[in-house]
file data_14.pdb (PDB, C-alpha atoms, pLDDT in the B column)
ATOM      1  CA  MET A 610     169.693 191.346 242.590  1.00 45.00           C
ATOM      2  CA  ALA A 611     170.320 191.742 238.891  1.00 51.00           C
ATOM      3  CA  GLY A 612     173.788 191.448 237.466  1.00 72.00           C
ATOM      4  CA  ASP A 613     176.264 189.011 235.980  1.00 89.00           C
ATOM      5  CA  PRO A 614     178.404 187.413 238.714  1.00 94.00           C
ATOM      6  CA  LEU A 615     181.117 186.503 236.209  1.00 96.00           C
ATOM      7  CA  ALA A 616     181.484 190.141 235.175  1.00 96.00           C
ATOM      8  CA  ARG A 617     182.286 190.981 238.798  1.00 97.00           C
ATOM      9  CA  LEU A 618     185.179 188.536 239.200  1.00 98.00           C
ATOM     10  CA  LEU A 619     188.413 190.287 240.204  1.00 98.00           C
ATOM     11  CA  HIS A 620     190.480 187.083 240.404  1.00 98.00           C
ATOM     12  CA  ARG A 621     190.021 183.443 239.435  1.00 97.00           C
ATOM     13  CA  ASP A 622     192.267 180.422 239.865  1.00 97.00           C
ATOM     14  CA  ASP A 623     191.724 176.756 240.645  1.00 96.00           C
ATOM     15  CA  ARG A 624     191.620 177.387 244.403  1.00 96.00           C
ATOM     16  CA  LEU A 625     189.672 180.581 244.878  1.00 98.00           C
ATOM     17  CA  LEU A 626     187.667 183.439 243.439  1.00 98.00           C
ATOM     18  CA  ILE A 627     187.667 187.085 244.480  1.00 98.00           C
ATOM     19  CA  LEU A 628     184.355 188.755 243.760  1.00 98.00           C
ATOM     20  CA  ASP A 629     183.492 192.447 243.661  1.00 98.00           C
ATOM     21  CA  LYS A 630     180.344 192.079 245.778  1.00 97.00           C
ATOM     22  CA  PRO A 631     177.756 194.785 245.159  1.00 96.00           C
ATOM     23  CA  ALA A 632     176.407 196.761 248.099  1.00 95.00           C
ATOM     24  CA  GLY A 633     173.019 195.476 249.195  1.00 92.00           C
ATOM     25  CA  LEU A 634     173.731 191.815 248.431  1.00 93.00           C
ATOM     26  CA  ALA A 635     173.774 189.698 251.596  1.00 93.00           C
ATOM     27  CA  VAL A 636     176.396 186.966 251.742  1.00 92.00           C
ATOM     28  CA  HIS A 637     173.944 184.514 253.316  1.00 88.00           C
ATOM     29  CA  ALA A 638     170.206 184.225 252.809  1.00 83.00           C
ATOM     30  CA  GLY A 639     168.319 185.677 255.766  1.00 75.00           C
ATOM     31  CA  PRO A 640     165.114 184.456 257.439  1.00 70.00           C
ATOM     32  CA  ARG A 641     163.122 187.090 255.548  1.00 68.00           C
ATOM     33  CA  GLY A 642     164.356 185.887 252.173  1.00 68.00           C
ATOM     34  CA  GLY A 643     165.540 188.229 249.452  1.00 78.00           C
ATOM     35  CA  ALA A 644     168.539 188.123 247.142  1.00 87.00           C
ATOM     36  CA  SER A 645     171.840 186.828 248.480  1.00 91.00           C
ATOM     37  CA  LEU A 646     175.209 185.610 247.266  1.00 94.00           C
ATOM     38  CA  GLU A 647     173.818 182.079 247.470  1.00 93.00           C
ATOM     39  CA  ASP A 648     171.778 182.856 244.339  1.00 94.00           C
ATOM     40  CA  TRP A 649     175.037 183.552 242.484  1.00 95.00           C
ATOM     41  CA  LEU A 650     176.987 180.455 243.530  1.00 96.00           C
ATOM     42  CA  PRO A 651     175.807 178.102 240.743  1.00 96.00           C
ATOM     43  CA  ALA A 652     177.032 180.591 238.120  1.00 95.00           C
ATOM     44  CA  LEU A 653     180.341 180.869 239.990  1.00 97.00           C
ATOM     45  CA  ALA A 654     180.951 177.098 240.105  1.00 96.00           C
ATOM     46  CA  LEU A 655     182.693 177.394 236.713  1.00 95.00           C
ATOM     47  CA  GLY A 656     182.905 173.680 236.023  1.00 92.00           C
ATOM     48  CA  LYS A 657     183.498 172.475 239.577  1.00 93.00           C
ATOM     49  CA  ARG A 658     181.058 170.070 241.210  1.00 92.00           C
ATOM     50  CA  ARG A 659     181.279 171.887 244.523  1.00 94.00           C
ATOM     51  CA  LEU A 660     179.827 175.377 244.766  1.00 97.00           C
ATOM     52  CA  PRO A 661     182.326 178.019 245.945  1.00 97.00           C
ATOM     53  CA  GLN A 662     181.827 179.266 249.491  1.00 97.00           C
ATOM     54  CA  PRO A 663     182.769 182.578 251.152  1.00 97.00           C
ATOM     55  CA  ALA A 664     185.946 182.374 253.212  1.00 96.00           C
ATOM     56  CA  HIS A 665     185.111 185.398 255.388  1.00 95.00           C
ATOM     57  CA  ARG A 666     182.301 187.819 256.183  1.00 90.00           C
ATOM     58  CA  LEU A 667     181.297 191.021 254.461  1.00 94.00           C
ATOM     59  CA  ASP A 668     178.258 193.060 255.522  1.00 92.00           C
ATOM     60  CA  ALA A 669     175.392 193.206 253.061  1.00 93.00           C
ATOM     61  CA  ASP A 670     175.746 197.016 252.853  1.00 94.00           C
ATOM     62  CA  THR A 671     179.496 196.857 252.169  1.00 96.00           C
ATOM     63  CA  ALA A 672     180.722 196.617 248.574  1.00 97.00           C
ATOM     64  CA  GLY A 673     183.984 195.172 247.344  1.00 98.00           C
ATOM     65  CA  CYS A 674     186.404 192.270 247.679  1.00 98.00           C
ATOM     66  CA  LEU A 675     184.957 188.972 248.861  1.00 98.00           C
ATOM     67  CA  VAL A 676     187.049 185.774 248.758  1.00 98.00           C
ATOM     68  CA  LEU A 677     185.439 182.423 247.977  1.00 98.00           C
ATOM     69  CA  GLY A 678     187.083 179.014 248.241  1.00 98.00           C
ATOM     70  CA  ARG A 679     186.477 176.598 245.372  1.00 97.00           C
ATOM     71  CA  THR A 680     187.526 173.342 247.090  1.00 96.00           C
ATOM     72  CA  LYS A 681     187.373 172.005 250.653  1.00 95.00           C
ATOM     73  CA  PRO A 682     191.172 172.215 251.146  1.00 96.00           C
ATOM     74  CA  ALA A 683     191.261 175.744 249.739  1.00 96.00           C
ATOM     75  CA  LEU A 684     188.375 176.865 251.942  1.00 96.00           C
ATOM     76  CA  ALA A 685     190.085 175.399 255.017  1.00 96.00           C
ATOM     77  CA  ALA A 686     193.377 177.128 254.150  1.00 95.00           C
ATOM     78  CA  LEU A 687     191.647 180.443 253.529  1.00 97.00           C
ATOM     79  CA  GLY A 688     189.676 180.137 256.757  1.00 95.00           C
ATOM     80  CA  ALA A 689     192.933 179.629 258.649  1.00 95.00           C
ATOM     81  CA  LEU A 690     194.467 182.723 257.006  1.00 95.00           C
ATOM     82  CA  PHE A 691     191.549 184.919 257.991  1.00 94.00           C
ATOM     83  CA  ALA A 692     191.335 183.460 261.497  1.00 93.00           C
ATOM     84  CA  ALA A 693     195.030 184.177 262.057  1.00 93.00           C
ATOM     85  CA  GLY A 694     194.702 187.748 260.748  1.00 92.00           C
ATOM     86  CA  ARG A 695     197.132 187.054 257.899  1.00 95.00           C
ATOM     87  CA  ALA A 696     194.833 188.266 255.135  1.00 96.00           C
ATOM     88  CA  GLU A 697     195.656 191.933 254.503  1.00 97.00           C
ATOM     89  CA  LYS A 698     192.349 193.802 254.113  1.00 98.00           C
ATOM     90  CA  THR A 699     192.128 197.441 253.061  1.00 98.00           C
ATOM     91  CA  TYR A 700     188.872 199.418 253.141  1.00 98.00           C
ATOM     92  CA  TRP A 701     187.912 202.882 251.979  1.00 98.00           C
ATOM     93  CA  ALA A 702     185.253 204.896 253.774  1.00 98.00           C
ATOM     94  CA  VAL A 703     183.841 208.396 253.463  1.00 98.00           C
ATOM     95  CA  VAL A 704     183.007 209.615 256.959  1.00 98.00           C
ATOM     96  CA  ARG A 705     181.350 212.631 258.509  1.00 98.00           C
ATOM     97  CA  GLY A 706     183.774 215.115 260.033  1.00 97.00           C
ATOM     98  CA  ALA A 707     187.446 214.307 260.523  1.00 96.00           C
ATOM     99  CA  PRO A 708     189.517 212.070 262.796  1.00 96.00           C
ATOM    100  CA  PRO A 709     191.762 213.694 265.428  1.00 94.00           C
ATOM    101  CA  ALA A 710     194.945 213.207 263.366  1.00 96.00           C
ATOM    102  CA  GLU A 711     196.097 212.146 259.906  1.00 97.00           C
ATOM    103  CA  THR A 712     196.856 208.563 260.982  1.00 98.00           C
ATOM    104  CA  GLY A 713     196.196 206.441 264.013  1.00 98.00           C
ATOM    105  CA  GLU A 714     194.702 203.302 265.497  1.00 98.00           C
ATOM    106  CA  VAL A 715     191.464 202.522 267.275  1.00 97.00           C
ATOM    107  CA  ALA A 716     191.777 199.836 269.955  1.00 97.00           C
ATOM    108  CA  ALA A 717     188.237 199.487 271.291  1.00 97.00           C
ATOM    109  CA  PRO A 718     186.707 196.128 272.324  1.00 98.00           C
ATOM    110  CA  LEU A 719     183.307 195.343 270.832  1.00 98.00           C
ATOM    111  CA  LEU A 720     180.305 193.690 272.447  1.00 97.00           C
ATOM    112  CA  LYS A 721     176.989 192.668 270.896  1.00 95.00           C
ATOM    113  CA  ARG A 722     174.037 194.200 272.712  1.00 93.00           C
ATOM    114  CA  SER A 723     170.333 193.553 272.082  1.00 90.00           C
ATOM    115  CA  THR A 724     167.170 195.311 273.204  1.00 85.00           C
ATOM    116  CA  ALA A 725     163.560 194.533 272.393  1.00 78.00           C
ATOM    117  CA  ARG A 726     163.044 198.064 271.104  1.00 78.00           C
ATOM    118  CA  GLU A 727     166.115 198.551 268.904  1.00 76.00           C
ATOM    119  CA  GLY A 728     167.259 194.996 268.134  1.00 85.00           C
ATOM    120  CA  TRP A 729     170.983 194.228 268.191  1.00 91.00           C
ATOM    121  CA  ARG A 730     173.988 196.432 267.645  1.00 93.00           C
ATOM    122  CA  MET A 731     177.696 196.364 268.440  1.00 95.00           C
ATOM    123  CA  VAL A 732     178.971 198.691 271.168  1.00 96.00           C
ATOM    124  CA  VAL A 733     182.358 199.635 272.566  1.00 96.00           C
ATOM    125  CA  ASP A 734     182.593 197.870 275.914  1.00 96.00           C
ATOM    126  CA  PRO A 735     185.603 196.725 278.008  1.00 97.00           C
ATOM    127  CA  ALA A 736     183.854 193.356 278.378  1.00 96.00           C
ATOM    128  CA  GLY A 737     183.806 192.839 274.613  1.00 97.00           C
ATOM    129  CA  GLN A 738     186.217 191.114 272.242  1.00 97.00           C
ATOM    130  CA  PRO A 739     189.460 192.953 271.409  1.00 97.00           C
ATOM    131  CA  ALA A 740     189.219 194.945 268.180  1.00 97.00           C
ATOM    132  CA  LEU A 741     191.920 196.976 266.439  1.00 97.00           C
ATOM    133  CA  THR A 742     191.690 199.182 263.343  1.00 98.00           C
ATOM    134  CA  ALA A 743     194.490 201.226 261.767  1.00 98.00           C
ATOM    135  CA  TRP A 744     193.349 204.288 259.810  1.00 98.00           C
ATOM    136  CA  ARG A 745     194.787 206.969 257.551  1.00 98.00           C
ATOM    137  CA  ARG A 746     193.137 210.097 256.156  1.00 98.00           C
ATOM    138  CA  LEU A 747     193.590 210.254 252.383  1.00 98.00           C
ATOM    139  CA  GLY A 748     191.628 213.456 251.681  1.00 98.00           C
ATOM    140  CA  GLY A 749     188.492 215.336 252.553  1.00 98.00           C
ATOM    141  CA  THR A 750     186.293 218.403 252.520  1.00 97.00           C
ATOM    142  CA  ALA A 751     185.108 220.747 255.251  1.00 96.00           C
ATOM    143  CA  ASP A 752     182.443 218.186 256.170  1.00 97.00           C
ATOM    144  CA  TRP A 753     183.770 214.760 255.155  1.00 98.00           C
ATOM    145  CA  SER A 754     186.950 212.685 255.255  1.00 98.00           C
ATOM    146  CA  TRP A 755     188.138 209.896 252.983  1.00 98.00           C
ATOM    147  CA  LEU A 756     189.747 207.229 255.156  1.00 98.00           C
ATOM    148  CA  GLU A 757     191.814 204.144 254.453  1.00 98.00           C
ATOM    149  CA  LEU A 758     190.981 201.535 257.103  1.00 98.00           C
ATOM    150  CA  ARG A 759     192.994 198.411 257.867  1.00 98.00           C
ATOM    151  CA  PRO A 760     191.260 196.119 260.359  1.00 97.00           C
ATOM    152  CA  ARG A 761     193.653 193.981 262.373  1.00 95.00           C
ATOM    153  CA  THR A 762     190.763 191.955 263.792  1.00 94.00           C
ATOM    154  CA  GLY A 763     187.523 190.856 262.166  1.00 92.00           C
ATOM    155  CA  ARG A 764     184.682 191.725 264.521  1.00 94.00           C
ATOM    156  CA  THR A 765     181.116 192.268 263.349  1.00 94.00           C
ATOM    157  CA  HIS A 766     180.554 195.896 262.231  1.00 96.00           C
ATOM    158  CA  GLN A 767     184.074 196.709 263.473  1.00 97.00           C
ATOM    159  CA  LEU A 768     184.840 199.503 261.025  1.00 98.00           C
ATOM    160  CA  ARG A 769     181.420 201.093 261.373  1.00 98.00           C
ATOM    161  CA  VAL A 770     181.602 201.181 265.174  1.00 98.00           C
ATOM    162  CA  HIS A 771     185.256 202.242 265.290  1.00 98.00           C
ATOM    163  CA  CYS A 772     184.649 205.163 262.927  1.00 98.00           C
ATOM    164  CA  ALA A 773     181.696 206.281 265.040  1.00 97.00           C
ATOM    165  CA  HIS A 774     183.879 205.886 268.149  1.00 97.00           C
ATOM    166  CA  LEU A 775     186.438 208.211 266.528  1.00 96.00           C
ATOM    167  CA  GLY A 776     183.684 210.804 266.207  1.00 96.00           C
ATOM    168  CA  CYS A 777     183.358 210.431 262.431  1.00 97.00           C
ATOM    169  CA  PRO A 778     180.650 207.891 261.522  1.00 98.00           C
ATOM    170  CA  ILE A 779     180.637 206.451 258.016  1.00 98.00           C
ATOM    171  CA  LEU A 780     178.443 208.442 255.637  1.00 98.00           C
ATOM    172  CA  GLY A 781     175.116 206.716 255.078  1.00 97.00           C
ATOM    173  CA  ASP A 782     175.421 204.390 258.083  1.00 96.00           C
ATOM    174  CA  PRO A 783     171.814 203.801 259.190  1.00 92.00           C
ATOM    175  CA  ARG A 784     172.779 202.082 262.438  1.00 93.00           C
ATOM    176  CA  TYR A 785     175.739 203.969 263.869  1.00 96.00           C
ATOM    177  CA  GLY A 786     175.404 207.337 262.137  1.00 95.00           C
ATOM    178  CA  PRO A 787     173.167 210.369 262.721  1.00 94.00           C
ATOM    179  CA  PRO A 788     169.415 210.319 261.952  1.00 92.00           C
ATOM    180  CA  GLU A 789     169.926 211.855 258.507  1.00 92.00           C
ATOM    181  CA  ASP A 790     171.800 208.689 257.471  1.00 92.00           C
ATOM    182  CA  ALA A 791     168.898 206.402 258.341  1.00 88.00           C
ATOM    183  CA  GLU A 792     168.259 205.517 254.708  1.00 87.00           C
ATOM    184  CA  GLY A 793     171.882 204.915 253.630  1.00 87.00           C
ATOM    185  CA  PRO A 794     173.613 204.021 251.366  1.00 95.00           C
ATOM    186  CA  LEU A 795     176.691 203.066 253.347  1.00 97.00           C
ATOM    187  CA  HIS A 796     179.895 204.648 251.987  1.00 98.00           C
ATOM    188  CA  LEU A 797     182.185 201.719 252.786  1.00 98.00           C
ATOM    189  CA  LEU A 798     184.233 199.708 250.278  1.00 98.00           C
ATOM    190  CA  ALA A 799     186.333 196.589 250.792  1.00 98.00           C
ATOM    191  CA  ARG A 800     188.918 198.168 248.499  1.00 98.00           C
ATOM    192  CA  ALA A 801     191.671 195.545 248.357  1.00 98.00           C
ATOM    193  CA  ILE A 802     192.784 192.212 249.707  1.00 98.00           C
ATOM    194  CA  ALA A 803     196.150 190.452 249.700  1.00 98.00           C
ATOM    195  CA  LEU A 804     196.512 186.767 250.562  1.00 98.00           C
ATOM    196  CA  PRO A 805     199.963 185.323 251.496  1.00 96.00           C
ATOM    197  CA  LEU A 806     199.536 182.159 249.470  1.00 94.00           C
ATOM    198  CA  ALA A 807     202.023 180.462 247.147  1.00 92.00           C
ATOM    199  CA  PRO A 808     201.958 182.282 244.802  1.00 93.00           C
ATOM    200  CA  PRO A 809     200.471 185.355 246.523  1.00 96.00           C
ATOM    201  CA  VAL A 810     197.034 186.554 245.430  1.00 97.00           C
ATOM    202  CA  ALA A 811     195.784 190.160 245.495  1.00 98.00           C
ATOM    203  CA  ALA A 812     192.832 192.072 244.098  1.00 98.00           C
ATOM    204  CA  THR A 813     191.454 195.609 244.109  1.00 98.00           C
ATOM    205  CA  ALA A 814     187.790 196.590 243.744  1.00 98.00           C
ATOM    206  CA  PRO A 815     186.666 199.809 242.039  1.00 97.00           C
ATOM    207  CA  PRO A 816     184.472 202.228 243.999  1.00 97.00           C
ATOM    208  CA  PRO A 817     180.778 201.562 243.283  1.00 96.00           C
ATOM    209  CA  PRO A 818     178.597 204.326 241.799  1.00 95.00           C
ATOM    210  CA  HIS A 819     177.009 205.374 245.109  1.00 95.00           C
ATOM    211  CA  ILE A 820     180.409 206.224 246.638  1.00 97.00           C
ATOM    212  CA  ARG A 821     182.136 207.880 243.677  1.00 97.00           C
ATOM    213  CA  ALA A 822     180.725 211.396 244.034  1.00 96.00           C
ATOM    214  CA  ALA A 823     181.749 211.658 247.689  1.00 97.00           C
ATOM    215  CA  LEU A 824     185.204 210.250 246.938  1.00 98.00           C
ATOM    216  CA  ARG A 825     185.728 212.777 244.148  1.00 97.00           C
ATOM    217  CA  ALA A 826     184.697 215.593 246.493  1.00 97.00           C
ATOM    218  CA  CYS A 827     187.340 214.333 248.931  1.00 98.00           C
ATOM    219  CA  GLY A 828     190.111 214.368 246.323  1.00 97.00           C
ATOM    220  CA  TRP A 829     189.958 210.931 244.681  1.00 97.00           C
ATOM    221  CA  GLU A 830     190.941 211.018 241.023  1.00 94.00           C
ATOM    222  CA  GLU A 831     189.338 208.202 239.074  1.00 84.00           C
ATOM    223  CA  ASP A 832     192.081 207.857 236.483  1.00 69.00           C
ATOM    224  CA  ALA A 833     194.650 207.437 239.225  1.00 56.00           C
TER     225      ALA A 833
END
call {"tool": "encode", "arguments": {"input": "data_14.pdb", "output": "structure tokens"}}
result
Amino acid sequence: MAGDPLARLLHRDDRLLILDKPAGLAVHAGPRGGASLEDWLPALALGKRRLPQPAHRLDADTAGCLVLGRTKPALAALGALFAAGRAEKTYWAVVRGAPPAETGEVAAPLLKRSTAREGWRMVVDPAGQPALTAWRRLGGTADWSWLELRPRTGRTHQLRVHCAHLGCPILGDPRYGPPEDAEGPLHLLARAIALPLAPPVAATAPPPPHIRAALRACGWEEDA
């Protein structure tokens, strides 16, 4: 994927980087090849012998804040923060329809299920791992809603499945949305992250071009 990784840095210090990851860029190289964050790591070394490494997961189709550790101790400390749920993650999504209230929580355990015909997907299942997402409606139209999502757990595809479970799948979700969304693009942004380090670190990612029109329709004002 074309682009200058350094131009997408939201934060840089001796311990970590926060990158505004573009939608469509996988964090790890897949078996089928193609562009991935791994192609960007040499440019992001910035004088260090060790290449920076992602401290958490972010879906290929999701844009926004991605934290990378620059040293082994920093990566271990960041991994512990994310594992303990102490990293405060905020997402924005444009979804189809509207949730049942202005604010709420989804507590729905998630289980990975695979079939030969459809491949794998995450489903709500009592036998799955606990998953909790807090949400708030920030605006909307007759057909869409702009949601702020705060995941309290970090399950695979958690926000995508939880929004669909609420009855309002994320716009452009080819896996959990309606057939008309089969081609994407996914309207999901890792908007902000706050890390309780000493000193604290925080960053905010701007909405990417493919989400901006829908956000504006829902009441987002770019200058604000």
call {"tool": "closest_residue", "arguments": {"input": "data_14.pdb", "among": "A:Leu615, A:Val676, A:Val636, A:Ala696", "to": "Asp648 in chain A", "atoms": "all atoms listed in the file"}}
result
A:Val636
call {"tool": "closest_residue", "arguments": {"input": "data_14.pdb", "among": "A:Thr742, A:Trp755, A:Leu780, A:Gly786", "to": "Leu768 in chain A", "atoms": "only C-alpha atoms"}}
result
A:Thr742
call {"tool": "closest_residue", "arguments": {"input": "data_14.pdb", "among": "A:Ala822, A:Leu667, A:Leu677, A:Leu690", "to": "Leu804 in chain A", "atoms": "all atoms listed in the file"}}
result
A:Leu690
call {"tool": "resolve_selection", "arguments": {"input": "data_14.pdb", "expression": "the PyMOL selection byres ((chain A and resi 674) around 10)", "output": "PyMOL selection string"}}
result
chain A and resi 617-620+626-631+667+671-673+675-677+698-700+798-802+811-815
call {"tool": "residues_near_point", "arguments": {"input": "data_14.pdb", "point": "(187.1, 173.8, 239.8)", "cutoff": "10 Å", "atoms": "only C-alpha atoms", "output": "VMD selection string"}}
result
chain A and resid 622 to 625 653 to 661 678 to 680
call {"tool": "residues_near_point", "arguments": {"input": "data_14.pdb", "point": "(191.3, 215.6, 262.4)", "cutoff": "12 Å", "atoms": "all atoms listed in the file", "output": "ChimeraX atom specification"}}
result
/A:704-713,744-756,775-777
call {"tool": "closest_residue", "arguments": {"input": "data_14.pdb", "among": "A:Ala740, A:Val732, A:Leu687, A:Leu758", "to": "Val810 in chain A", "atoms": "only C-alpha atoms"}}
result
A:Leu687
call {"tool": "resolve_selection", "arguments": {"input": "data_14.pdb", "expression": "the PyMOL selection byres ((chain A and resi 731) around 6)", "output": "ChimeraX atom specification"}}
result
/A:720-721,730,732
call {"tool": "resolve_selection", "arguments": {"input": "data_14.pdb", "expression": "the PyMOL selection byres ((chain A and resi 734-736) around 6)", "output": "list in words"}}
result
Pro718, Leu719, Leu720, Val733 and Gly737 of chain A
call {"tool": "closest_residue", "arguments": {"input": "data_14.pdb", "among": "A:Ala686, A:Gln662, A:Arg769, A:Trp649", "to": "Ala807 in chain A", "atoms": "all atoms listed in the file"}}
result
A:Ala686
call {"tool": "closest_residue", "arguments": {"input": "data_14.pdb", "among": "A:Pro818, A:Ala717, A:Pro760, A:Pro739", "to": "Ala773 in chain A", "atoms": "only C-alpha atoms"}}
result
A:Ala717
call {"tool": "atom_distance", "arguments": {"input": "data_14.pdb", "atom1": "CA of His766 in chain A", "atom2": "CA of Ala652 in chain A"}}
result
28.8 Å
call {"tool": "atom_distance", "arguments": {"input": "data_14.pdb", "atom1": "CA of His796 in chain A", "atom2": "CA of Arg821 in chain A"}}
result
9.2 Å
call {"tool": "atom_distance", "arguments": {"input": "data_14.pdb", "atom1": "CA of Asp782 in chain A", "atom2": "CA of Leu797 in chain A"}}
result
9.0 Å
